[in-house]
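Raw contents of structure-v7.cif, mmCIF, C-alpha atoms:
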```
data_entry
loop_
_atom_site.label_atom_id
_atom_site.label_comp_id
_atom_site.auth_asym_id
_atom_site.auth_seq_id
_atom_site.Cartn_x
_atom_site.Cartn_y
_atom_site.Cartn_z
CA MET Q 1 139.80 158.13 240.95
CA LYS Q 2 137.39 155.70 239.36
CA LYS Q 3 137.97 155.17 235.67
CA LEU Q 4 135.10 155.47 233.25
CA SER Q 5 133.94 152.26 231.64
CA ILE Q 6 134.19 151.84 227.87
CA GLN Q 7 130.41 152.22 227.53
CA LYS Q 8 130.45 155.48 229.52
CA LYS Q 9 133.29 156.80 227.38
CA LYS Q 10 131.33 156.02 224.22
CA GLU Q 11 128.29 157.83 225.62
CA LEU Q 12 130.44 160.81 226.60
CA TYR Q 13 132.05 160.97 223.15
CA ALA Q 14 128.62 160.79 221.51
CA LEU Q 15 127.41 163.65 223.71
CA VAL Q 16 130.43 165.77 222.79
CA TYR Q 17 129.73 165.28 219.09
CA LEU Q 18 125.98 165.87 219.43
CA VAL Q 19 126.02 169.04 221.52
CA PRO Q 20 127.34 171.45 218.82
CA GLY Q 21 124.88 170.17 216.24
CA ALA Q 22 122.00 170.27 218.71
CA ALA Q 23 122.92 173.82 219.71
CA LEU Q 24 122.91 174.94 216.08
CA MET Q 25 119.57 173.22 215.47
CA ILE Q 26 118.05 174.98 218.46
CA LEU Q 27 119.52 178.35 217.47
CA PHE Q 28 118.73 178.30 213.76
CA VAL Q 29 115.67 176.02 213.57
CA ALA Q 30 113.79 175.75 216.86
CA VAL Q 31 114.07 179.41 217.92
CA PRO Q 32 112.99 180.84 214.50
CA LEU Q 33 110.14 178.31 214.36
CA VAL Q 34 108.81 179.32 217.78
CA GLY Q 35 109.26 182.96 216.84
CA SER Q 36 107.34 182.57 213.59
CA ILE Q 37 104.51 180.78 215.38
CA TYR Q 38 104.31 183.69 217.83
CA MET Q 39 104.35 186.21 214.95
CA SER Q 40 101.53 184.39 213.17
CA PHE Q 41 99.05 185.64 215.80
CA PHE Q 42 99.81 189.29 215.04
CA ARG Q 43 99.23 191.74 212.23
CA ILE Q 44 102.66 193.12 211.29
CA PRO Q 45 102.33 195.27 208.15
CA SER Q 46 106.05 196.17 207.97
CA LEU Q 47 109.33 196.13 209.85
CA GLY Q 48 109.22 198.54 212.77
CA ALA Q 49 105.42 198.73 212.72
CA GLU Q 50 103.38 198.13 215.84
CA TRP Q 51 102.25 194.54 216.33
CA GLU Q 52 98.48 194.12 216.53
CA PHE Q 53 97.22 190.90 218.11
CA VAL Q 54 94.65 189.25 215.80
CA GLY Q 55 94.51 185.71 217.18
CA VAL Q 56 93.84 183.08 214.51
CA ARG Q 57 92.55 185.55 211.94
CA ASN Q 58 95.70 185.17 209.84
CA TYR Q 59 95.01 181.45 209.56
CA GLN Q 60 91.32 181.98 208.80
CA ALA Q 61 92.10 184.51 206.07
CA MET Q 62 94.70 182.18 204.60
CA PHE Q 63 92.46 179.13 204.32
CA ILE Q 64 89.59 181.01 202.68
CA SER Q 65 91.90 182.94 200.35
CA ALA Q 66 91.61 182.08 196.66
CA ASP Q 67 95.34 182.88 196.29
CA TRP Q 68 96.21 180.22 198.90
CA GLN Q 69 94.00 177.63 197.23
CA MET Q 70 95.53 178.31 193.82
CA ALA Q 71 99.01 178.23 195.35
CA ILE Q 72 98.32 174.71 196.63
CA VAL Q 73 97.14 173.64 193.17
CA ARG Q 74 100.23 175.10 191.50
CA THR Q 75 102.54 173.54 194.09
CA LEU Q 76 100.99 170.12 193.52
CA LEU Q 77 101.05 170.54 189.73
CA TYR Q 78 104.66 171.68 189.46
CA GLY Q 79 105.75 169.22 192.14
CA ALA Q 80 104.07 166.24 190.47
CA TRP Q 81 105.60 167.22 187.12
CA GLY Q 82 109.04 167.51 188.67
CA ILE Q 83 108.77 164.16 190.44
CA ILE Q 84 107.43 162.33 187.38
CA THR Q 85 110.00 163.75 184.97
CA GLY Q 86 112.88 163.59 187.44
CA LEU Q 87 112.12 160.04 188.54
CA GLY Q 88 111.19 158.78 185.08
CA LEU Q 89 114.17 160.28 183.26
CA GLY Q 90 116.47 159.42 186.14
CA LEU Q 91 115.53 155.76 186.06
CA LEU Q 92 115.66 155.63 182.27
CA LEU Q 93 119.10 157.21 182.06
CA SER Q 94 120.39 155.10 184.93
CA PHE Q 95 119.27 151.79 183.43
CA LEU Q 96 120.72 152.76 180.06
CA CYS Q 97 124.09 153.90 181.41
CA ALA Q 98 124.69 151.89 184.61
CA LYS Q 99 126.53 149.04 182.89
CA HIS Q 100 128.12 151.15 180.15
CA ARG Q 101 131.91 151.28 180.01
CA PHE Q 102 131.76 155.09 179.81
CA LEU Q 103 129.66 155.40 182.98
CA LYS Q 104 132.18 157.75 184.63
CA VAL Q 105 131.98 160.09 181.66
CA PHE Q 106 128.18 159.99 181.71
CA ARG Q 107 128.20 160.79 185.41
CA TYR Q 108 130.23 163.93 184.78
CA ILE Q 109 127.95 164.95 181.91
CA PHE Q 110 124.64 164.37 183.69
CA TYR Q 111 125.86 165.78 186.99
CA LEU Q 112 127.03 169.04 185.40
CA PRO Q 113 123.58 170.73 185.27
CA SER Q 114 123.19 170.44 189.04
CA VAL Q 115 126.33 172.55 189.53
CA VAL Q 116 124.54 175.60 188.08
CA SER Q 117 122.17 177.22 190.60
CA SER Q 118 118.45 177.33 189.86
CA ILE Q 119 118.50 181.14 190.06
CA THR Q 120 121.19 181.35 187.40
CA MET Q 121 119.32 179.01 185.08
CA SER Q 122 116.01 180.82 185.62
CA ARG Q 123 117.57 184.19 184.84
CA LEU Q 124 119.16 182.71 181.72
CA TRP Q 125 115.79 181.32 180.63
CA SER Q 126 114.15 184.69 181.27
CA TYR Q 127 116.67 186.36 178.92
CA MET Q 128 116.17 183.72 176.23
CA LEU Q 129 112.36 184.02 176.51
CA SER Q 130 112.38 187.81 176.51
CA PRO Q 131 110.19 189.51 173.85
CA ALA Q 132 113.03 192.01 173.26
CA ASP Q 133 115.45 191.77 170.34
CA TYR Q 134 117.92 189.69 172.36
CA GLY Q 135 115.29 187.02 173.16
CA LEU Q 136 116.68 183.85 171.58
CA VAL Q 137 113.39 181.91 171.53
CA ASN Q 138 111.45 184.64 169.74
CA THR Q 139 114.35 185.13 167.33
CA LEU Q 140 114.17 181.45 166.40
CA CYS Q 141 110.38 181.68 166.09
CA ALA Q 142 110.73 184.62 163.69
CA MET Q 143 113.27 182.69 161.59
CA MET Q 144 110.81 179.80 161.28
CA GLY Q 145 107.87 182.08 160.49
CA PHE Q 146 106.10 181.84 163.85
CA PRO Q 147 104.77 184.94 165.66
CA SER Q 148 106.65 186.26 168.67
CA GLN Q 149 105.17 185.65 172.12
CA ASP Q 150 105.44 187.35 175.47
CA TRP Q 151 106.33 184.06 177.11
CA LEU Q 152 106.75 185.38 180.65
CA GLY Q 153 104.23 188.22 180.48
CA ASN Q 154 101.24 186.12 179.47
CA ASP Q 155 99.88 184.25 182.49
CA ALA Q 156 98.26 181.70 180.17
CA LEU Q 157 101.69 180.71 178.80
CA VAL Q 158 103.77 180.89 181.98
CA PRO Q 159 102.68 177.49 183.40
CA TYR Q 160 103.78 175.76 180.20
CA VAL Q 161 107.05 177.69 180.25
CA VAL Q 162 107.64 176.52 183.84
CA LEU Q 163 106.95 172.89 182.90
CA VAL Q 164 109.25 172.97 179.87
CA THR Q 165 112.13 174.86 181.48
CA SER Q 166 112.03 172.54 184.51
CA LEU Q 167 113.13 169.70 182.22
CA TYR Q 168 116.63 171.17 182.23
CA GLY Q 169 118.78 168.72 184.16
CA ALA Q 170 115.84 166.41 184.94
CA GLY Q 171 117.06 162.94 185.77
CA GLY Q 172 120.64 164.08 186.20
CA GLY Q 173 122.60 165.34 189.18
CA MET Q 174 122.66 163.22 192.32
CA THR Q 175 119.62 161.29 191.06
CA PHE Q 176 121.68 159.76 188.26
CA VAL Q 177 124.68 159.15 190.51
CA LEU Q 178 122.64 157.43 193.25
CA PHE Q 179 120.53 155.33 190.89
CA THR Q 180 123.50 154.06 188.85
CA THR Q 181 125.40 153.27 192.04
CA ALA Q 182 122.44 151.34 193.45
CA ILE Q 183 122.04 149.36 190.21
CA ASN Q 184 125.73 148.47 190.10
CA ASN Q 185 125.63 147.32 193.73
CA ILE Q 186 123.25 144.50 192.78
CA ALA Q 187 125.09 141.18 192.81
CA ASP Q 188 126.19 140.11 189.33
CA ASP Q 189 125.43 136.48 190.19
CA LEU Q 190 121.74 137.33 190.54
CA ILE Q 191 121.64 139.01 187.13
CA GLU Q 192 123.54 136.15 185.49
CA ALA Q 193 121.18 133.58 187.02
CA ALA Q 194 118.20 135.48 185.62
CA ARG Q 195 119.80 135.59 182.17
CA LEU Q 196 120.45 131.84 182.28
CA GLU Q 197 116.76 131.35 183.04
CA GLY Q 198 115.92 133.24 179.87
CA ALA Q 199 114.99 136.63 181.33
CA THR Q 200 115.26 139.60 179.00
CA SER Q 201 116.93 142.90 179.92
CA THR Q 202 113.51 144.51 180.36
CA GLN Q 203 112.34 141.73 182.68
CA ILE Q 204 115.55 141.98 184.70
CA ALA Q 205 115.13 145.74 185.00
CA PHE Q 206 111.50 145.61 186.18
CA HIS Q 207 111.52 142.41 188.25
CA ILE Q 208 115.02 142.40 189.79
CA GLU Q 209 116.86 145.69 189.54
CA LEU Q 210 113.97 148.09 190.20
CA PRO Q 211 112.66 146.24 193.29
CA MET Q 212 116.19 146.04 194.73
CA ILE Q 213 116.89 149.76 194.31
CA TRP Q 214 113.40 150.76 195.49
CA PRO Q 215 114.61 152.10 198.89
CA VAL Q 216 116.78 154.61 197.02
CA VAL Q 217 113.90 155.48 194.69
CA SER Q 218 111.44 155.99 197.56
CA ALA Q 219 113.92 158.22 199.40
CA PHE Q 220 114.32 160.28 196.23
CA MET Q 221 110.53 160.59 195.97
CA MET Q 222 110.23 161.83 199.56
CA LEU Q 223 112.97 164.42 199.11
CA SER Q 224 111.39 165.52 195.81
CA VAL Q 225 107.98 165.98 197.42
CA ILE Q 226 109.48 168.06 200.23
CA GLY Q 227 111.52 170.06 197.73
CA SER Q 228 108.44 170.77 195.60
CA PHE Q 229 106.68 172.39 198.57
CA LYS Q 230 109.73 174.55 199.26
CA ASN Q 231 110.42 175.45 195.62
CA PHE Q 232 110.89 179.19 195.48
CA GLU Q 233 114.04 180.72 194.03
CA GLY Q 234 113.86 179.20 190.54
CA LEU Q 235 110.22 180.10 190.01
CA TYR Q 236 110.53 183.61 191.39
CA ALA Q 237 113.67 184.35 189.37
CA LEU Q 238 111.96 183.13 186.19
CA ALA Q 239 108.81 185.27 186.35
CA PRO Q 240 108.62 187.37 189.53
CA ASN Q 241 105.60 189.38 188.33
CA SER Q 242 103.46 186.46 187.18
CA GLU Q 243 100.70 184.97 189.32
CA SER Q 244 101.18 181.65 187.52
CA VAL Q 245 104.37 180.93 189.50
CA GLU Q 246 102.77 181.64 192.89
CA THR Q 247 103.32 178.34 194.66
CA ILE Q 248 103.05 178.23 198.45
CA ALA Q 249 106.65 179.35 198.95
CA VAL Q 250 106.41 182.18 196.40
CA LEU Q 251 103.09 183.40 197.80
CA LEU Q 252 104.56 183.32 201.32
CA TYR Q 253 107.41 185.56 200.20
CA LYS Q 254 105.18 188.00 198.35
CA ILE Q 255 102.71 188.31 201.23
CA SER Q 256 105.51 188.84 203.74
CA THR Q 257 107.39 191.48 201.77
CA THR Q 258 104.94 193.25 199.45
CA SER Q 259 101.53 193.06 201.12
CA SER Q 260 100.96 196.00 203.47
CA ASP Q 261 97.55 194.63 204.45
CA LEU Q 262 98.80 191.22 205.58
CA GLY Q 263 102.54 191.47 206.10
CA TYR Q 264 104.87 189.37 208.19
CA GLY Q 265 102.22 187.92 210.50
CA ALA Q 266 100.28 186.37 207.61
CA GLY Q 267 103.53 185.17 206.07
CA ALA Q 268 104.53 183.56 209.37
CA ALA Q 269 101.17 181.78 209.54
CA MET Q 270 101.61 180.47 206.01
CA GLY Q 271 105.17 179.39 206.78
CA PHE Q 272 104.03 177.46 209.86
CA VAL Q 273 101.34 175.66 207.86
CA LEU Q 274 103.93 174.81 205.21
CA THR Q 275 106.19 173.41 207.94
CA LEU Q 276 103.32 171.25 209.24
CA ILE Q 277 102.65 169.92 205.73
CA ILE Q 278 106.30 168.92 205.32
CA MET Q 279 106.37 167.31 208.77
CA VAL Q 280 103.26 165.26 207.93
CA ILE Q 281 104.88 164.07 204.69
CA MET Q 282 108.02 163.04 206.56
CA ALA Q 283 105.97 161.26 209.24
CA VAL Q 284 103.98 159.33 206.64
CA TYR Q 285 107.18 158.28 204.87
CA THR Q 286 108.93 157.31 208.11
CA PHE Q 287 106.12 155.33 209.68
#
```
Show me the file's structure as structure tokens.
Amino acid sequence: MKKLSIQKKKELYALVYLVPGAALMILFVAVPLVGSIYMSFFRIPSLGAEWEFVGVRNYQAMFISADWQMAIVRTLLYGAWGIITGLGLGLLLSFLCAKHRFLKVFRYIFYLPSVVSSITMSRLWSYMLSPADYGLVNTLCAMMGFPSQDWLGNDALVPYVVLVTSLYGAGGGMTFVLFTTAINNIADDLIEAARLEGATSTQIAFHIELPMIWPVVSAFMMLSVIGSFKNFEGLYALAPNSESVETIAVLLYKISTTSSDLGYGAGAAMGFVLTLIIMVIMAVYTF
């Protein structure tokens, strides 16, 4: 019996490792995606209801909908805020702490917020911002002589609440870990040479360290953009009844589960468009 060459064995081993992952991708990604595309051409008001073929009317209604247009604006606004604060604070904290002797301690401290789920934090914020007697924020306002506010019931205030509460943990988590690791991986000889030439710490940070860790920064930016389009659970848990948190993902959920006129077909159409947007972002970043 002819023995397999080393190259053939490597190819066979690679196939063995790839098949389970590929099977799971097909089962849990490809099949639901094809199914949602098929659903998007039907009107499905509820589970168990009869499917009515409507062609591309779900897509037409979506693109002319004022709710969809505002959802895009909110997604871009909250996403841009998250990227700017996350990237800015992450870089600032990383440059300040990367060379500190207590870096390991700082990593534990700044990574800790990411351990708590966004749903848990949003529910905690909703309790603290409650207009009831147990609302911590209004209690503090009363102690300082300021009037109480319905922070999560007033749609004019909710966007500001979202922006402020999103600062919790900004710049920490894996962002801080990856950025400090990338900075410390820069050769010390290069930094020392720059110092001997008279470069200041600020000049070193902007002209040497930042350009050299830019691949990590750009990857963080791409993941943050994708995450902003998929942001759902934190916003919905914070103010589920407010229109001011209706990003694309939140609107998709509400249309799919609470809208008897549109239902699952319209939600599937919106989900497919959201998938296309994310794929375009990934393609632009990759190529």
- For this file, the PyMOL selection byres ((chain Q and resi 240) around 12) selects which residues, as a list in words?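 Matching residues under the PyMOL selection byres ((chain Q and resi 240) around 12) are Ile119, Ser122, Arg123, Ser126, Leu152, Gly153, Asp155, Val158, Phe232, Glu233, Gly234, Leu235, Tyr236, Ala237, Leu238, Ala239, Asn241, Ser242, Glu243, Ser244, Val245, Glu246, Thr247, Val250, Leu251, Tyr253 and Lys254 of chain Q.
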- Item | Nearest candidate to Q:Thr85 (options Q:Gly198, Q:Phe146, Q:Phe179, Q:Leu167; using only C-alpha atoms) | Q:Leu167
Chain and number of each residue from the PyMOL selection byres ((chain Q and resi 131) around 8), as an mmCIF file with C-alpha atoms, in the coordinates of the input:
```
data_model
loop_
_atom_site.group_PDB
_atom_site.id
_atom_site.type_symbol
_atom_site.label_atom_id
_atom_site.label_comp_id
_atom_site.auth_asym_id
_atom_site.auth_seq_id
_atom_site.Cartn_x
_atom_site.Cartn_y
_atom_site.Cartn_z
ATOM 1 C CA LEU Q 129 112.360 184.020 176.510
ATOM 2 C CA SER Q 130 112.380 187.810 176.510
ATOM 3 C CA ALA Q 132 113.030 192.010 173.260
ATOM 4 C CA ASP Q 133 115.450 191.770 170.340
ATOM 5 C CA TYR Q 134 117.920 189.690 172.360
ATOM 6 C CA GLY Q 135 115.290 187.020 173.160
ATOM 7 C CA ASN Q 138 111.450 184.640 169.740
ATOM 8 C CA SER Q 148 106.650 186.260 168.670
ATOM 9 C CA GLN Q 149 105.170 185.650 172.120
ATOM 10 C CA ASP Q 150 105.440 187.350 175.470
ATOM 11 C CA TRP Q 151 106.330 184.060 177.110
#
```
- Neighbourhood query: residues within 10 Å of (117.1, 155.3, 184.9), file coordinates, counting all atoms listed in the file; return as a list of chain:residue names. Q:Gly86, Q:Leu87, Q:Gly88, Q:Leu89, Q:Gly90, Q:Leu91, Q:Leu92, Q:Leu93, Q:Ser94, Q:Phe95, Q:Leu96, Q:Cys97, Q:Ala98, Q:Gly171, Q:Gly172, Q:Thr175, Q:Phe176, Q:Phe179, Q:Thr180, Q:Ile183, Q:Ala205, Q:Leu210
- Query: Q:Ala194, Q:Ala266, Q:Met221, Q:Ala182: which is nearest Q:Ser65, counting all atoms listed in the file?
  - Reply: Q:Ala266
- Could you work out how far atom CA of Q:Ala170 lies from atom CA of Q:Ile226, giving the answer in Å with one decimal?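 Computed distance, atom CA of Q:Ile226 to atom CA of Q:Ala170, equals 16.6 Å.
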- Task: Record the distance separating atom CA of Q:Tyr264 and atom CA of Q:Met70, expressed in Å with one decimal.
- Result: 20.4 Å
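Selection by the PyMOL selection byres ((chain Q and resi 109) around 12) on the present file picks out Q:Leu93, Q:Cys97, Q:Phe102, Q:Leu103, Q:Lys104, Q:Val105, Q:Phe106, Q:Arg107, Q:Tyr108, Q:Phe110, Q:Tyr111, Q:Leu112, Q:Pro113, Q:Ser114, Q:Val115, Q:Gly169, Q:Gly171, Q:Gly172, Q:Gly173, Q:Met174, Q:Phe176, Q:Val177.
Atom pair atom CA of Q:Ser118 / atom CA of Q:Ser228 has a distance of 13.3 Å (rounded to one decimal).
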- Contact residues around Q:Trp81 with all atoms listed in the file at 9 Å, ignoring same-chain residues under 5 positions, as a list in words: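 Those residues are Leu76, Gly86, Leu163 and Ser166 of chain Q.
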Around all the atoms of stretch 185-199 of chain Q listed in the file, with 3 Å of room on each side, what axis-aligned box do you get, giving centre and edge lengths in Å to one decimal, as JSON?
```
{"center_x": 120.6, "center_y": 139.3, "center_z": 186.8, "size_x": 17.2, "size_y": 22.0, "size_z": 19.9}
```
- Task: Mind checking which residues fall within 9 Å of Q:Ile248, counting all atoms listed in the file, ignoring those fewer than 6 positions away in the same chain, and posting them as a PyMOL selection string?
- Result: chain Q and resi 68+70-72+74-75+229-232+270-271+274
- Task: Have a look at Q:Thr257, Q:Thr286, Q:Ser5, Q:Thr200 and name the one nearest to Q:Ala219; count only C-alpha atoms.
- Result: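 Using only C-alpha atoms, Q:Ala219 sits closest to Q:Thr286.
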- Query: So which residues are close to (127.5, 147.2, 185.5), meaning at most 7 Å away in the file's coordinates with only C-alpha atoms counted, and can you show them as a VMD selection string?
  - Reply: chain Q and resid 98 to 100 184
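Take the candidates Q:Leu157, Q:Met39, Q:Met212, Q:Ile191 and check each one against Q:Asn58 using all atoms listed in the file; the shortest distance goes to Q:Met39.
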